[in-house]
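Dumped protein_16.cif below, it's mmCIF, C-alpha atoms:
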```
data_model
#
loop_
_atom_site.label_atom_id
_atom_site.label_comp_id
_atom_site.auth_asym_id
_atom_site.auth_seq_id
_atom_site.Cartn_x
_atom_site.Cartn_y
_atom_site.Cartn_z
CA MET L 134 74.46 -3.86 -52.10
CA ARG L 135 76.92 -6.65 -52.94
CA GLN L 136 80.34 -5.10 -53.19
CA SER L 137 82.49 -5.25 -56.32
CA ALA L 138 85.40 -7.64 -56.53
CA GLN L 139 87.64 -4.72 -57.58
CA GLY L 140 88.71 -4.04 -54.01
CA SER L 141 92.18 -3.81 -52.67
CA ALA L 142 93.45 -7.22 -51.62
CA ARG L 143 95.20 -5.48 -48.80
CA THR L 144 92.22 -3.63 -47.35
CA GLY L 145 89.18 -5.51 -48.64
CA ILE L 146 87.51 -2.16 -49.41
CA PRO L 147 86.37 -1.66 -53.02
CA GLN L 148 88.00 0.80 -55.37
CA ALA L 149 86.18 3.86 -56.68
CA GLY L 150 83.09 3.09 -58.75
CA THR L 151 81.81 0.27 -56.57
CA ASP L 152 78.65 0.18 -54.48
CA VAL L 153 80.24 1.46 -51.28
CA PRO L 154 79.35 5.16 -50.73
CA ARG L 155 82.04 7.38 -52.24
CA VAL L 156 83.18 10.47 -50.40
CA PRO L 157 84.43 13.47 -52.41
CA PRO L 158 88.22 14.02 -52.22
CA GLN L 159 89.31 16.47 -49.55
CA PRO L 160 90.86 19.81 -50.59
CA ALA L 161 94.62 20.03 -50.55
CA ALA L 162 96.15 21.71 -47.54
CA ALA L 163 97.52 24.55 -49.69
CA ASP L 164 94.04 25.27 -51.05
CA VAL L 165 92.55 25.36 -47.58
CA ASP L 166 95.31 27.70 -46.36
CA ARG L 167 94.73 30.01 -49.32
CA GLU L 168 90.98 30.11 -48.63
CA ARG L 169 91.59 30.93 -45.00
CA GLY L 170 93.99 33.72 -45.98
CA LEU L 171 91.41 35.24 -48.29
CA ALA L 172 88.73 34.94 -45.63
CA ALA L 173 90.95 36.91 -43.27
CA GLY L 174 91.20 39.70 -45.85
CA GLY L 175 94.66 38.78 -47.12
CA GLY L 176 95.74 37.63 -50.53
CA THR L 177 98.51 36.22 -52.60
CA ARG L 178 101.28 38.67 -53.56
CA GLY L 179 100.55 40.29 -56.91
CA GLU L 180 96.77 39.55 -56.74
CA HIS L 181 94.12 42.25 -56.38
CA THR L 182 91.62 41.08 -53.82
CA HIS L 183 89.96 44.34 -52.77
CA SER L 184 86.91 43.73 -55.01
CA GLU L 185 86.54 40.02 -54.24
CA GLN L 186 84.19 38.56 -51.68
CA PRO L 187 86.09 36.78 -48.87
CA LEU L 188 85.95 32.99 -48.94
CA THR L 189 84.92 31.22 -45.79
CA ALA L 190 86.73 28.15 -44.53
CA PRO L 191 84.85 24.81 -44.57
CA ARG L 192 82.46 24.54 -41.66
CA PRO L 193 82.82 21.69 -39.13
CA VAL L 194 79.48 20.21 -40.24
CA GLN L 195 81.05 19.35 -43.61
CA ARG L 196 83.79 17.35 -41.94
CA ALA L 197 81.26 15.66 -39.67
CA SER L 198 79.27 14.71 -42.77
CA VAL L 199 82.34 13.07 -44.33
CA ARG L 200 83.06 11.20 -41.10
CA GLY L 201 79.45 10.03 -40.96
CA GLN L 202 79.59 8.71 -44.52
CA ILE L 203 82.82 6.87 -43.80
CA LEU L 204 81.36 5.41 -40.59
CA THR L 205 78.33 4.15 -42.51
CA ALA L 206 80.53 2.60 -45.20
CA LEU L 207 82.77 0.91 -42.62
CA ARG L 208 79.76 -0.48 -40.74
CA THR L 209 78.47 -1.92 -43.99
CA ALA L 210 81.87 -3.46 -44.70
CA LEU L 211 81.84 -5.03 -41.23
CA VAL L 212 78.41 -6.61 -41.70
CA THR L 213 79.20 -7.94 -45.18
CA GLY L 214 82.55 -9.34 -44.03
CA GLU L 215 84.72 -7.11 -46.24
CA LEU L 216 86.46 -5.95 -43.08
CA ARG L 217 87.64 -9.39 -42.02
CA PRO L 218 87.86 -10.46 -38.35
CA GLY L 219 91.45 -10.49 -37.13
CA GLU L 220 92.76 -8.28 -39.96
CA VAL L 221 94.50 -4.96 -39.26
CA TYR L 222 93.56 -1.93 -41.38
CA SER L 223 95.37 1.41 -41.41
CA ALA L 224 93.54 4.72 -41.64
CA PRO L 225 95.76 6.05 -44.49
CA ALA L 226 95.20 2.93 -46.61
CA LEU L 227 91.44 3.01 -46.07
CA GLY L 228 91.40 6.76 -46.70
CA GLU L 229 93.11 6.18 -50.04
CA ARG L 230 90.42 3.70 -51.01
CA PHE L 231 87.66 6.18 -50.10
CA GLY L 232 89.40 9.18 -51.62
CA VAL L 233 89.67 11.09 -48.34
CA SER L 234 92.38 11.93 -45.85
CA ALA L 235 93.19 9.57 -43.01
CA THR L 236 91.58 11.86 -40.41
CA PRO L 237 87.86 11.08 -40.97
CA VAL L 238 88.68 7.38 -41.36
CA ARG L 239 90.61 7.39 -38.09
CA GLU L 240 87.74 9.18 -36.32
CA ALA L 241 85.21 6.69 -37.69
CA MET L 242 87.41 3.78 -36.63
CA GLN L 243 87.71 5.25 -33.14
CA GLN L 244 83.91 5.27 -32.95
CA LEU L 245 83.86 1.61 -34.01
CA ALA L 246 86.42 0.92 -31.29
CA LEU L 247 84.04 2.43 -28.72
CA GLU L 248 81.31 0.13 -30.07
CA GLY L 249 83.59 -2.89 -29.71
CA ALA L 250 83.88 -3.66 -33.43
CA VAL L 251 87.61 -2.97 -33.71
CA GLU L 252 90.56 -2.49 -31.39
CA VAL L 253 93.46 -0.08 -31.68
CA VAL L 254 96.84 -1.54 -32.66
CA PRO L 255 99.53 1.07 -31.82
CA ASN L 256 101.51 2.29 -34.84
CA ARG L 257 99.61 -0.05 -37.16
CA GLY L 258 95.92 0.79 -37.27
CA PHE L 259 92.80 -1.04 -36.19
CA ARG L 260 92.15 -4.76 -35.88
CA VAL L 261 88.66 -6.12 -36.50
CA VAL L 262 87.60 -7.98 -33.36
CA GLU L 263 87.31 -11.76 -33.68
CA ARG L 264 84.04 -13.09 -32.29
CA GLY L 265 82.88 -16.64 -31.76
CA THR L 266 79.56 -18.40 -31.26
CA ARG L 267 79.74 -17.95 -27.48
CA GLU L 268 79.69 -14.15 -27.77
CA LEU L 269 76.77 -14.34 -30.22
CA ALA L 270 74.83 -16.49 -27.74
CA GLU L 271 75.65 -14.10 -24.90
CA LEU L 272 74.43 -11.12 -26.92
CA ALA L 273 71.19 -12.92 -27.76
CA GLU L 274 70.68 -13.79 -24.08
CA VAL L 275 71.16 -10.20 -22.96
CA ARG L 276 68.87 -8.92 -25.70
CA ALA L 277 66.20 -11.41 -24.64
CA LEU L 278 66.51 -10.37 -20.98
CA ILE L 279 65.94 -6.75 -21.98
CA GLU L 280 63.45 -6.99 -24.81
CA VAL L 281 61.19 -9.96 -24.07
CA PRO L 282 59.66 -8.61 -20.81
CA VAL L 283 59.18 -5.22 -22.46
CA MET L 284 57.51 -6.74 -25.52
CA LEU L 285 55.13 -8.82 -23.38
CA ARG L 286 54.20 -5.74 -21.36
CA LEU L 287 53.63 -3.69 -24.50
CA ALA L 288 51.53 -6.51 -25.98
CA ARG L 289 49.05 -6.01 -23.12
CA THR L 290 49.05 -2.20 -23.03
CA VAL L 291 49.68 -0.69 -26.49
CA PRO L 292 46.52 0.04 -28.52
CA VAL L 293 46.00 -2.14 -31.58
CA GLU L 294 46.13 0.84 -33.93
CA ARG L 295 49.67 1.66 -32.79
CA TRP L 296 50.82 -1.82 -33.76
CA ALA L 297 49.08 -1.45 -37.12
CA GLU L 298 51.14 1.68 -37.78
CA LEU L 299 54.28 -0.49 -37.79
CA ARG L 300 53.04 -2.63 -40.68
CA PRO L 301 55.07 -0.71 -43.32
CA LEU L 302 58.26 -1.30 -41.34
CA ALA L 303 57.58 -5.03 -41.05
CA GLU L 304 56.92 -5.23 -44.78
CA ALA L 305 60.13 -3.30 -45.42
CA THR L 306 62.11 -6.02 -43.63
CA VAL L 307 60.56 -8.61 -45.95
CA ARG L 308 61.61 -6.63 -49.02
CA ALA L 309 65.10 -6.12 -47.60
CA ALA L 310 65.41 -9.84 -46.89
CA SER L 311 64.37 -10.64 -50.45
CA SER L 312 67.34 -8.61 -51.71
CA GLY L 313 69.68 -11.10 -50.05
CA CYS L 314 71.92 -8.26 -48.85
CA ARG L 315 72.84 -8.70 -45.21
CA ALA L 316 73.70 -5.02 -44.68
CA THR L 317 70.40 -3.83 -46.17
CA TYR L 318 68.42 -6.32 -44.12
CA GLY L 319 70.38 -5.53 -40.95
CA GLU L 320 69.46 -1.85 -41.11
CA SER L 321 65.79 -2.61 -41.82
CA ASP L 322 65.71 -5.21 -39.03
CA ARG L 323 67.07 -2.74 -36.46
CA THR L 324 64.66 -0.05 -37.62
CA PHE L 325 61.70 -2.35 -36.99
CA HIS L 326 62.94 -3.40 -33.53
CA ARG L 327 63.66 0.22 -32.57
CA ALA L 328 60.14 1.26 -33.55
CA MET L 329 58.59 -1.49 -31.46
CA LEU L 330 60.66 -0.72 -28.37
CA ALA L 331 60.09 3.02 -28.81
CA LEU L 332 56.46 2.42 -27.85
CA SER L 333 57.77 1.90 -24.30
CA GLY L 334 58.76 5.57 -24.16
CA ASN L 335 62.17 4.58 -22.73
CA GLU L 336 64.91 6.15 -24.87
CA GLN L 337 67.73 4.54 -22.88
CA LEU L 338 66.21 1.11 -23.45
CA VAL L 339 65.99 1.74 -27.19
CA ARG L 340 69.60 2.94 -27.38
CA ILE L 341 71.04 0.01 -25.41
CA ALA L 342 68.97 -2.59 -27.27
CA ASP L 343 69.98 -1.14 -30.63
CA ASP L 344 73.67 -1.25 -29.71
CA LEU L 345 73.37 -4.93 -28.71
CA HIS L 346 71.43 -5.66 -31.91
CA ARG L 347 74.14 -4.03 -34.06
CA ARG L 348 76.87 -6.07 -32.35
CA ALA L 349 74.92 -9.26 -32.97
CA GLN L 350 75.02 -8.59 -36.72
CA TRP L 351 78.81 -8.67 -37.05
CA PRO L 352 80.12 -11.85 -38.71
CA LEU L 353 81.78 -14.60 -36.70
CA VAL L 354 85.28 -16.01 -37.19
CA GLY L 355 85.15 -18.87 -39.67
CA ALA L 356 81.48 -18.23 -40.52
CA PRO L 357 80.25 -17.38 -44.03
CA ALA L 358 80.52 -13.70 -44.89
CA SER L 359 76.76 -13.38 -45.04
CA ARG L 360 73.59 -15.22 -44.19
CA GLY L 361 71.74 -16.83 -47.04
CA ARG L 362 68.68 -15.23 -48.54
CA ALA L 363 66.45 -17.99 -47.12
CA ASP L 364 67.66 -17.23 -43.58
CA LEU L 365 66.93 -13.53 -43.99
CA VAL L 366 63.46 -14.19 -45.42
CA ALA L 367 62.61 -16.55 -42.55
CA ASP L 368 63.77 -13.96 -40.01
CA ALA L 369 61.69 -11.23 -41.65
CA ALA L 370 58.62 -13.50 -41.73
CA GLU L 371 58.78 -13.64 -37.92
CA HIS L 372 58.37 -9.86 -37.85
CA THR L 373 55.11 -9.92 -39.78
CA ALA L 374 53.82 -12.90 -37.81
CA LEU L 375 54.63 -11.13 -34.53
CA LEU L 376 52.87 -7.98 -35.66
CA ASP L 377 49.79 -10.02 -36.66
CA ALA L 378 49.72 -11.62 -33.19
CA LEU L 379 50.08 -8.25 -31.47
CA ILE L 380 47.22 -6.79 -33.47
CA ALA L 381 45.10 -9.86 -32.67
CA ARG L 382 46.01 -9.58 -28.94
CA ASP L 383 47.08 -13.24 -28.96
CA LEU L 384 49.55 -13.13 -26.06
CA ASP L 385 50.42 -16.84 -26.21
CA VAL L 386 51.50 -16.54 -29.83
CA VAL L 387 53.37 -13.33 -29.05
CA ARG L 388 55.28 -15.04 -26.24
CA GLY L 389 56.21 -17.98 -28.46
CA LEU L 390 57.28 -15.84 -31.42
CA VAL L 391 59.40 -13.49 -29.32
CA GLY L 392 61.16 -16.43 -27.68
CA GLU L 393 61.81 -18.14 -31.00
CA HIS L 394 63.09 -14.91 -32.55
CA PHE L 395 65.82 -14.52 -29.94
CA ALA L 396 66.60 -18.24 -29.93
CA GLY L 397 67.26 -17.92 -33.65
CA ALA L 398 69.44 -14.87 -33.03
CA ALA L 399 71.69 -17.01 -30.80
CA ARG L 400 72.44 -19.51 -33.58
CA PRO L 401 75.40 -18.85 -35.91
CA HIS L 402 74.52 -18.26 -39.55
#
```

Can you turn what I pasted into structure tokens?
Amino acid sequence: MRQSAQGSARTGIPQAGTDVPRVPPQPAAADVDRERGLAAGGGTRGEHTHSEQPLTAPRPVQRASVRGQILTALRTALVTGELRPGEVYSAPALGERFGVSATPVREAMQQLALEGAVEVVPNRGFRVVERGTRELAELAEVRALIEVPVMLRLARTVPVERWAELRPLAEATVRAASSGCRATYGESDRTFHRAMLALSGNEQLVRIADDLHRRAQWPLVGAPASRGRADLVADAAEHTALLDALIARDLDVVRGLVGEHFAGAARPH
């Protein structure tokens, strides 16, 4: 999912026709008003509307769908480094790039602000948060404190067949790593970790761990925009090795692999 170079130099978001998900243009305000008037039984002067079926206004789910697509696209741009740390982006400018109004972009950015990815700059837009190696190490430490004890407990209690069911997800991370796309691998990586932690039956644990994992995938200031393919492949190989150890009930290997996995997560790439 490498983005095209035909992006706006000002925003870093590709123009239409690139790999970033495109969102259909929003209807003009006049069109929406006309539809609402017809839905209410009214009509434009001079038009005969008595035989026409009333038109319903767009349902909220459609707007939520647009916002969700924009949020996904912005998250991808964060991971790939197209939204650059320290840069300020305005909702209208980003909306123009996506072909939508500023509203769904602003709502998506506000969600990213809640997640700590961006911060609001009054009257300007949203600044991508600058992160250094210390924050990455802190995130890895917190993730290890949460996930390592849980994984060691699950290694002793979860039936072997349940671990075997996760094999397709581990193999999916290997394929994603082979693509060399950081965003594709990041999503597959989190999916695998979520599935493993879900065996604990603790939904709050899964949600918190996934949020920390997502934050750890954002690029650092001054670091390359993406990890190399070799780094991704090595990371994915740890998933399959861990799953093999869990199926074999080799707790010593499990303990070593889990520790190494989070130690690697603390190192800048």

So what do you get for atom CA of Val354 of chain L versus atom CA of Arg315 of chain L, distance-wise?
->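 Taking atom CA of Val354 of chain L and atom CA of Arg315 of chain L, their separation equals 16.5 Å.
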
Find the residue from L:Leu216, L:Val261, L:Leu379, L:Leu207 that sits nearest to Glu240 of chain L; use only C-alpha atoms when measuring.
->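 For Glu240 of chain L, the nearest of the candidates is L:Leu207.
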
When the PyMOL selection byres ((chain L and resi 393) around 12) is applied to the file above, which residues end up in the set, as a PyMOL selection string?
-> chain L and resi 273+277+281+367-368+371-372+374-375+386-392+394-400

Could you expand the PyMOL selection byres ((chain L and resi 325) around 12) into the explicit residues it covers here, written as a count of residues only?
-> 35

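By all atoms listed in the file, and with residues fewer than 2 positions from Ala246 of chain L along its chain excluded, the set lying at most 12 Å from it is Leu204, Leu207, Arg208, Arg239, Glu240, Ala241, Met242, Gln243, Gln244, Glu248, Gly249, Ala250, Val251, Glu252, Val253, Val254, Gly258, Phe259, Arg260, Val261, Val262 and Arg348 of chain L.
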
For the selection just defined, write its residues with C-alpha atoms to a file, as a compact mmCIF listing (two decimals), keeping the file's coordinate frame.
```txt
# COMPACT_ATOMS: atom_id res chain seq x y z
CA LEU L 204 81.36 5.41 -40.59
CA LEU L 207 82.77 0.91 -42.62
CA ARG L 208 79.76 -0.48 -40.74
CA ARG L 239 90.61 7.39 -38.09
CA GLU L 240 87.74 9.18 -36.32
CA ALA L 241 85.21 6.69 -37.69
CA MET L 242 87.41 3.78 -36.63
CA GLN L 243 87.71 5.25 -33.14
CA GLN L 244 83.91 5.27 -32.95
CA GLU L 248 81.31 0.13 -30.07
CA GLY L 249 83.59 -2.89 -29.71
CA ALA L 250 83.88 -3.66 -33.43
CA VAL L 251 87.61 -2.97 -33.71
CA GLU L 252 90.56 -2.49 -31.39
CA VAL L 253 93.46 -0.08 -31.68
CA VAL L 254 96.84 -1.54 -32.66
CA GLY L 258 95.92 0.79 -37.27
CA PHE L 259 92.80 -1.04 -36.19
CA ARG L 260 92.15 -4.76 -35.88
CA VAL L 261 88.66 -6.12 -36.50
CA VAL L 262 87.60 -7.98 -33.36
CA ARG L 348 76.87 -6.07 -32.35
```

Would you mind reading off the distance between atom CA of Arg295 of chain L and atom CA of Ile380 of chain L, one decimal, in Å?
->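 Computing it gives 8.8 Å between the two atoms.
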
Between atom CA of Ala226 of chain L and atom CA of Leu211 of chain L, measure the distance and give it in Å to one decimal.
->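 Spanning atom CA of Ala226 of chain L to atom CA of Leu211 of chain L is a straight-line distance of 16.5 Å.
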
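Using all atoms listed in the file, every residue with an atom at most 6 Å from the point (77.8, -1.8, -47.0) is listed here: Val153, Ala206, Thr209, Ala210 and Ala316 of chain L.
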
Do a neighbour search on Arg382 of chain L at 8 Å with all atoms listed in the file, toss out local chain neighbours closer than 5 positions, and write the hits as a list in words.
-> Ala288, Arg289 and Val293 of chain L

Return the single residue from L:Val212, L:Ala224, L:Gly334, L:Leu245 that is closest to Leu287 of chain L, with distances computed using only C-alpha atoms.
->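 That would be L:Gly334, the residue with the smallest distance to Leu287 of chain L.
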
For Arg286 of chain L: contacts at 10 Å, all atoms listed in the file, fewer than 5 positions along chain excluded, given as a ChimeraX atom specification | /L:280-281,291,333,384

Those same residues - C-alpha atoms - I'd like them written as a PDB file, keeping the file's coordinate frame.
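Printed below is selection-v7.pdb as written:
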```
ATOM      1  CA  GLU L 280      63.450  -6.990 -24.810  1.00  0.00           C
ATOM      2  CA  VAL L 281      61.190  -9.960 -24.070  1.00  0.00           C
ATOM      3  CA  VAL L 291      49.680  -0.690 -26.490  1.00  0.00           C
ATOM      4  CA  SER L 333      57.770   1.900 -24.300  1.00  0.00           C
ATOM      5  CA  LEU L 384      49.550 -13.130 -26.060  1.00  0.00           C
TER       6      LEU L 384
END
```

For Glu271 of chain L, the nearest of the candidates L:Leu247, L:Gln202, L:Leu345, L:Ser223, counting all atoms listed in the file =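 So, comparing all the options, the nearest one is L:Leu345.
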
Axis-aligned box for segment 243-249 of chain L, 5 Å per side, centre and edges in Å as JSON:
```
{"center_x": 84.5, "center_y": 1.2, "center_z": -31.4, "size_x": 16.4, "size_y": 18.2, "size_z": 15.3}
```

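Comparing the minimum interatomic distances between Arg217 of chain L and each of L:Ala235, L:Leu278, L:Leu353, L:Val283, counting all atoms listed in the file, we find that L:Leu353 sits nearest.
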
Closest to Glu263 of chain L among L:Gly361, L:Gly219, L:Gly228, L:Gly214, using only C-alpha atoms?
-> L:Gly219
